[in-house]
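Below is the file entry_9.tsv, which contains TSV, C-alpha atoms and all ligand atoms.
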chain	number	residue	atom	x	y	z
V	795	MET	CA	178.99	85.37	205.95
V	796	LYS	CA	175.88	87.57	205.89
V	797	THR	CA	176.80	88.97	202.44
V	798	ASN	CA	177.41	85.50	201.04
V	799	LEU	CA	174.10	84.26	202.43
V	800	THR	CA	172.35	87.18	200.72
V	801	LYS	CA	174.13	86.27	197.49
V	802	ILE	CA	173.00	82.63	197.72
V	803	LEU	CA	169.42	83.71	198.46
V	804	PHE	CA	169.48	86.09	195.49
V	805	ILE	CA	170.84	83.44	193.07
V	806	THR	CA	168.27	80.86	194.26
V	807	LEU	CA	165.40	83.35	193.87
V	808	THR	CA	166.62	84.41	190.39
V	809	PHE	CA	166.73	80.75	189.32
V	810	VAL	CA	163.20	80.08	190.59
V	811	LEU	CA	161.81	83.20	188.87
V	812	ALA	CA	163.62	82.35	185.61
V	813	THR	CA	162.12	78.84	185.66
V	814	GLN	CA	158.63	80.26	186.11
V	815	ALA	CA	159.11	82.97	183.45
V	816	SER	CA	159.92	80.33	180.81
V	817	ALA	CA	156.40	78.85	181.11
V	818	MET	CA	154.58	81.62	179.22
V	819	PRO	CA	152.15	80.86	176.36
V	820	VAL	CA	153.84	81.30	172.98
V	821	TYR	CA	152.51	81.13	169.44
V	822	LEU	CA	154.23	78.41	167.42
V	823	ASP	CA	154.89	79.25	163.76
V	824	SER	CA	157.67	78.88	161.20
V	825	ASP	CA	160.03	80.74	163.57
V	826	ASN	CA	160.06	77.95	166.14
V	827	ILE	CA	158.51	74.76	164.66
V	828	SER	CA	158.71	72.83	161.39
V	829	VAL	CA	156.16	71.04	159.22
V	830	SER	CA	156.47	68.40	156.51
V	831	ILE	CA	154.17	66.27	154.38
V	832	GLY	CA	153.50	62.97	156.12
V	833	SER	CA	153.77	59.48	154.67
V	834	GLY	CA	150.06	58.97	155.39
V	835	THR	CA	149.14	61.40	152.59
V	836	SER	CA	146.87	59.72	150.03
V	837	SER	CA	147.47	59.83	146.31
V	838	GLY	CA	146.34	63.18	145.02
V	839	THR	CA	147.37	66.44	143.38
V	840	PHE	CA	149.15	69.35	145.03
V	841	ASN	CA	147.72	71.89	142.57
V	842	ASN	CA	149.33	75.25	143.34
V	843	THR	CA	151.09	74.32	146.60
V	844	PHE	CA	154.71	74.13	145.37
V	845	ASN	CA	154.53	76.59	142.47
V	846	ASP	CA	157.08	79.41	142.26
V	847	GLY	CA	159.49	77.78	144.69
V	848	LEU	CA	157.01	77.90	147.58
V	849	SER	CA	157.03	75.20	150.23
V	850	ILE	CA	154.68	73.54	152.70
V	851	ASP	CA	155.86	76.22	155.18
V	852	LYS	CA	152.83	78.19	153.93
V	853	VAL	CA	150.99	76.11	156.57
V	854	ILE	CA	152.84	77.85	159.42
V	855	ASP	CA	153.67	81.30	158.02
V	856	ALA	CA	150.99	83.39	159.78
V	857	PRO	CA	152.93	85.54	162.28
V	858	SER	CA	150.38	85.38	165.13
V	859	SER	CA	147.18	83.58	166.15
V	860	ASP	CA	145.06	86.67	165.34
V	861	ALA	CA	146.73	87.50	162.02
V	862	GLN	CA	144.44	87.52	158.97
V	863	GLU	CA	145.44	85.88	155.70
V	864	PHE	CA	144.09	86.76	152.30
V	865	HIS	CA	143.55	83.89	149.90
V	866	ASN	CA	146.21	83.98	147.18
V	867	GLN	CA	148.78	81.64	145.68
V	868	THR	CA	151.52	82.60	148.15
V	869	THR	CA	149.49	82.02	151.35
V	870	HIS	CA	147.33	78.91	150.97
V	871	ILE	CA	147.59	75.15	150.42
V	872	TRP	CA	145.37	73.38	147.92
V	873	TYR	CA	145.46	69.60	147.61
V	874	THR	CA	142.92	67.31	145.89
V	875	ALA	CA	142.74	63.64	146.92
V	876	SER	CA	142.32	61.08	144.14
V	877	SER	CA	139.37	59.47	145.90
V	878	VAL	CA	136.86	60.29	148.64
V	879	GLY	CA	138.31	59.43	152.07
V	880	GLY	CA	141.82	60.41	150.97
V	881	GLY	CA	143.58	63.38	152.48
V	882	LEU	CA	146.73	65.31	153.28
V	883	GLU	CA	148.89	64.37	156.28
V	884	LEU	CA	151.04	67.06	157.90
V	885	ASP	CA	153.73	66.22	160.45
V	886	PHE	CA	154.69	68.99	162.89
V	887	ASP	CA	157.89	68.95	164.95
V	888	PHE	CA	158.04	71.46	167.82
V	889	GLY	CA	161.75	70.78	168.54
V	890	GLN	CA	160.99	70.46	172.28
V	891	SER	CA	158.05	69.53	174.53
V	892	TYR	CA	155.09	71.88	174.88
V	893	ASP	CA	151.73	71.83	176.68
V	894	ILE	CA	149.25	72.92	173.97
V	895	SER	CA	146.30	75.06	175.06
V	896	THR	CA	144.77	76.25	171.75
V	897	LEU	CA	144.67	75.09	168.14
V	898	HIS	CA	144.24	77.72	165.41
V	899	PHE	CA	142.89	76.85	161.97
V	900	TRP	CA	142.41	79.16	158.99
V	901	ASN	CA	140.00	77.41	156.60
V	902	TYR	CA	139.00	78.26	153.04
V	903	THR	CA	135.87	80.41	152.71
V	904	SER	CA	133.51	78.16	150.73
V	905	GLU	CA	132.25	74.59	150.94
V	906	ARG	CA	133.48	73.83	147.42
V	907	PHE	CA	137.13	73.64	148.51
V	908	ASP	CA	137.35	73.99	152.33
V	909	VAL	CA	138.66	71.36	154.75
V	910	ASP	CA	135.78	69.36	156.27
V	911	ASN	CA	137.61	67.19	158.79
V	912	ILE	CA	140.96	67.13	160.60
V	913	ASP	CA	142.25	64.26	162.73
V	914	PHE	CA	144.98	65.47	165.10
V	915	THR	CA	147.29	63.04	166.91
V	916	PHE	CA	149.69	64.26	169.61
V	917	PHE	CA	152.96	62.54	170.59
V	918	ASP	CA	155.67	63.19	173.17
V	919	SER	CA	159.41	63.33	172.39
V	920	ASP	CA	159.59	59.49	172.34
V	921	MET	CA	156.58	59.23	169.98
V	922	ASN	CA	154.31	57.97	172.78
V	923	LEU	CA	150.66	58.85	172.12
V	924	GLN	CA	149.54	61.84	174.25
V	925	GLY	CA	146.08	62.50	172.79
V	926	GLU	CA	143.80	62.54	169.75
V	927	LEU	CA	141.24	65.01	168.46
V	928	SER	CA	138.94	65.10	165.41
V	929	ILE	CA	137.38	68.41	164.39
V	930	SER	CA	135.02	69.66	161.68
V	931	PRO	CA	136.40	73.17	161.21
V	932	MET	CA	134.20	76.16	160.38
V	933	LEU	CA	134.39	77.91	157.01
V	934	GLY	CA	136.97	80.69	156.87
V	935	SER	CA	135.79	84.26	157.38
V	936	SER	CA	135.64	86.59	154.37
V	937	SER	CA	137.40	88.53	153.00
V	938	GLY	CA	140.31	88.47	155.44
V	939	ILE	CA	140.53	84.94	156.84
V	940	SER	CA	140.88	84.80	160.63
V	941	ALA	CA	141.67	81.68	162.63
V	942	GLN	CA	139.08	79.53	164.32
V	943	ASP	CA	140.41	79.02	167.86
V	944	ILE	CA	139.86	75.60	169.38
V	945	ASP	CA	140.59	75.28	173.10
V	946	LEU	CA	142.23	72.00	173.93
V	947	ASP	CA	142.17	69.94	177.06
V	948	ALA	CA	145.91	70.70	177.22
V	949	PRO	CA	147.73	67.74	175.70
V	950	LEU	CA	150.89	67.78	177.81
V	951	ASN	CA	154.53	67.19	176.84
V	952	VAL	CA	153.84	67.26	173.09
V	953	GLN	CA	156.70	67.48	170.61
V	954	PHE	CA	155.17	65.90	167.50
V	955	VAL	CA	151.69	66.45	166.00
V	956	THR	CA	150.17	64.70	163.01
V	957	ALA	CA	147.19	66.28	161.23
V	958	PHE	CA	145.18	64.42	158.58
V	959	LEU	CA	143.04	66.88	156.58
V	960	SER	CA	140.25	65.77	154.28
V	961	GLY	CA	137.23	67.09	152.38
V	962	SER	CA	133.95	65.30	151.65
V	963	ASN	CA	134.44	66.27	147.97
V	964	ARG	CA	138.21	65.37	148.01
V	965	GLN	CA	139.20	69.07	148.20
V	966	VAL	CA	141.58	70.32	150.93
V	967	ASP	CA	142.12	74.07	150.76
V	968	PHE	CA	143.20	76.13	153.77
V	969	GLN	CA	145.52	78.92	154.82
V	970	ASN	CA	147.26	77.99	158.01
V	971	ILE	CA	147.55	75.87	161.17
V	972	GLY	CA	148.97	77.22	164.44
V	973	PHE	CA	149.33	76.30	168.10
V	974	THR	CA	149.43	78.29	171.32
V	975	ALA	CA	151.45	76.41	173.89
V	976	GLU	CA	153.77	76.63	176.88
V	977	VAL	CA	157.14	74.96	177.17
V	978	SER	CA	156.55	71.84	179.27
V	979	GLU	CA	157.97	72.21	182.73
V	980	VAL	CA	160.87	69.98	183.59
V	981	PRO	CA	160.22	68.91	187.20
V	982	ALA	CA	162.45	71.39	189.07
V	983	PRO	CA	163.87	70.79	192.52
V	984	PRO	CA	162.00	72.82	195.15
V	985	ALA	CA	163.52	76.19	196.04
V	986	VAL	CA	164.12	75.07	199.63
V	987	TRP	CA	166.17	72.11	198.41
V	988	LEU	CA	168.16	74.40	196.08
V	989	PHE	CA	168.86	76.81	198.92
V	990	GLY	CA	169.93	73.91	201.15
V	991	SER	CA	172.30	72.55	198.47
V	992	ALA	CA	173.80	76.00	197.96
V	993	LEU	CA	174.41	76.32	201.72
V	994	LEU	CA	176.07	72.89	201.87
V	995	ALA	CA	178.30	73.78	198.91
V	996	PHE	CA	179.20	77.05	200.60
V	997	ALA	CA	180.03	75.25	203.87
V	998	GLY	CA	182.22	72.81	201.89
V	999	ILE	CA	184.21	75.66	200.37
V	1000	LYS	CA	184.71	77.25	203.80
V	1001	ARG	CA	185.92	73.92	205.23
V	1002	LYS	CA	188.38	73.41	202.34
V	1003	LYS	CA	189.75	76.92	202.86
V	1004	ALA	CA	190.14	76.28	206.62
V	1005	ASN	CA	192.02	73.00	205.93
V	1006	LEU	CA	194.37	74.71	203.50
V	1007	SER	CA	195.28	77.55	205.84
H	1	CA	CA	149.53	80.53	155.23
H	2	CA	CA	133.98	71.13	151.75
Using structure tokens, write down the structure that the file contains.
Amino acid sequence: MKTNLTKILFITLTFVLATQASAMPVYLDSDNISVSIGSGTSSGTFNNTFNDGLSIDKVIDAPSSDAQEFHNQTTHIWYTASSVGGGLELDFDFGQSYDISTLHFWNYTSERFDVDNIDFTFFDSDMNLQGELSISPMLGSSSGISAQDIDLDAPLNVQFVTAFLSGSNRQVDFQNIGFTAEVSEVPAPPAVWLFGSALLAFAGIKRKKANLS
């Protein structure tokens, strides 16, 4: 009985620790999220964006939040809206719910082409609105472009994000967008309850065995 109790305690503890370990901040990029061009995109020109078989995945191809990108045709997005006020909409799908703590944005390095405004909208897995944020991002650093980190008031349980990027001169040129986030915690039963359930199940097995013999 003592050995079995130890086993139950060990399994319960392992489960609790595993649940906690899953809630570590992770950087979301093309390895674990997807991005597509949203239907809210205005009429405009995609310039170099899709040349040479490249895709909109250039938005999420930086491997970490502190990675630098160098402006060239394989790393950046350049879109020009047909009229002032127009812009590019990007739709992100995280595949599961996350609590976002930091936004990362790699802007172009000069006012002539950089992104001047981004409207972010955050949704949960059922497309319920979780939060909104408008930012005027800084110019990108030169020559290697590093991300501007924007701490968020933790929009919780976010699976979908829409970003509408625009420039006061119709130009939208940038390198990358990224998110640091933790997998949203599914409300877990308390450890005491788990231990109690395990004991009850164990007692049930013992009783069944006793009845059979
Ligand atoms: Ca990029
Ligand atoms: Ca500008």
Report task. Name all residues at most 8 Å from segment 897-900 of chain V (count only C-alpha atoms; drop same-chain ones fewer than 4 positions away) and give them as a VMD selection string. Result -> chain V and resid 859 931 934 939 to 946 968 to 974
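Closest approach to ligand CA 2 (chain H) from the set V:Ser960, V:Thr915, V:Ser891, V:Thr835 is made by V:Ser960, with distances taken over only C-alpha atoms and all ligand atoms.
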Near-ligand residues for ligand CA 2 (chain H), threshold 6 Å, all atoms listed in the file, as number ranges by chain: V: 905-910, 961-962
Go through chain V residue by residue and, counting all atoms listed in the file, keep those with an atom at most 12 Å from ligand CA 1 (chain H); for each kept residue give the shortest atom pair and its distance in Å to one decimal, ordered by chain and increasing number, as a Markdown table.
| residue | atom | partner | partner_atom | distance |
| --- | --- | --- | --- | --- |
| V:Asp823 | CA | H:CA1 | CA | 10.2 |
| V:Ser824 | CA | H:CA1 | CA | 10.2 |
| V:Thr843 | CA | H:CA1 | CA | 10.7 |
| V:Leu848 | CA | H:CA1 | CA | 11.0 |
| V:Ser849 | CA | H:CA1 | CA | 10.5 |
| V:Ile850 | CA | H:CA1 | CA | 9.0 |
| V:Asp851 | CA | H:CA1 | CA | 7.7 |
| V:Lys852 | CA | H:CA1 | CA | 4.2 |
| V:Val853 | CA | H:CA1 | CA | 4.8 |
| V:Ile854 | CA | H:CA1 | CA | 6.0 |
| V:Asp855 | CA | H:CA1 | CA | 5.1 |
| V:Ala856 | CA | H:CA1 | CA | 5.6 |
| V:Pro857 | CA | H:CA1 | CA | 9.3 |
| V:Ser858 | CA | H:CA1 | CA | 11.1 |
| V:Ser859 | CA | H:CA1 | CA | 11.6 |
| V:Ala861 | CA | H:CA1 | CA | 10.1 |
| V:Gln862 | CA | H:CA1 | CA | 9.4 |
| V:Glu863 | CA | H:CA1 | CA | 6.8 |
| V:Phe864 | CA | H:CA1 | CA | 8.8 |
| V:His865 | CA | H:CA1 | CA | 8.7 |
| V:Asn866 | CA | H:CA1 | CA | 9.4 |
| V:Gln867 | CA | H:CA1 | CA | 9.6 |
| V:Thr868 | CA | H:CA1 | CA | 7.6 |
| V:Thr869 | CA | H:CA1 | CA | 4.2 |
| V:His870 | CA | H:CA1 | CA | 5.1 |
| V:Ile871 | CA | H:CA1 | CA | 7.5 |
| V:Trp872 | CA | H:CA1 | CA | 11.0 |
| V:His898 | CA | H:CA1 | CA | 11.8 |
| V:Phe899 | CA | H:CA1 | CA | 10.2 |
| V:Trp900 | CA | H:CA1 | CA | 8.2 |
| V:Asn901 | CA | H:CA1 | CA | 10.1 |
| V:Tyr902 | CA | H:CA1 | CA | 11.0 |
| V:Ile939 | CA | H:CA1 | CA | 10.2 |
| V:Ser940 | CA | H:CA1 | CA | 11.1 |
| V:Ala941 | CA | H:CA1 | CA | 10.9 |
| V:Asp967 | CA | H:CA1 | CA | 10.8 |
| V:Phe968 | CA | H:CA1 | CA | 7.8 |
| V:Gln969 | CA | H:CA1 | CA | 4.3 |
| V:Asn970 | CA | H:CA1 | CA | 4.4 |
| V:Ile971 | CA | H:CA1 | CA | 7.8 |
| V:Gly972 | CA | H:CA1 | CA | 9.8 |
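Shortest separation to Glu883 of chain V among V:Met921, V:Ala948, V:Val977, V:Ala957 occurs at residue V:Ala957, atoms counted being only C-alpha atoms.
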Among V:Ser978, V:Ser928, V:Ser936, V:Gln965, Gly880 of chain V is approached most closely, using all atoms listed in the file, by V:Gln965
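A straight line drawn from atom CA of Ser830 of chain V to atom CA of Ala817 of chain V is 26.7 Å long.
With distances taken over all atoms listed in the file, V:Ser904 is the one residue among V:Ser828, V:Ser904, V:Thr896, V:Tyr821 lying closest to Ser935 of chain V.
Note that the spacing between atom CA of Val829 of chain V and atom CA of Asp887 of chain V amounts to 6.3 Å.
Counting all atoms listed in the file, the residue from V:Phe886, V:Phe840, V:Tyr873, V:Tyr892 that sits nearest to Thr956 of chain V is V:Phe886.
You can rank V:Asn845, V:Ser836, V:Ser930, V:Thr903 by their closest distance to Val878 of chain V using all atoms listed in the file, and at the top of that list sits V:Ser836.
The two atoms in question, atom CA of Leu933 of chain V and atom CA of Phe917 of chain V, are spaced 27.7 Å apart.
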- Neighbours of Ser837 of chain V within 10 Å (only C-alpha atoms; same-chain residues fewer than 5 positions away dropped), as a ChimeraX atom specification? /V:874-877,880-882
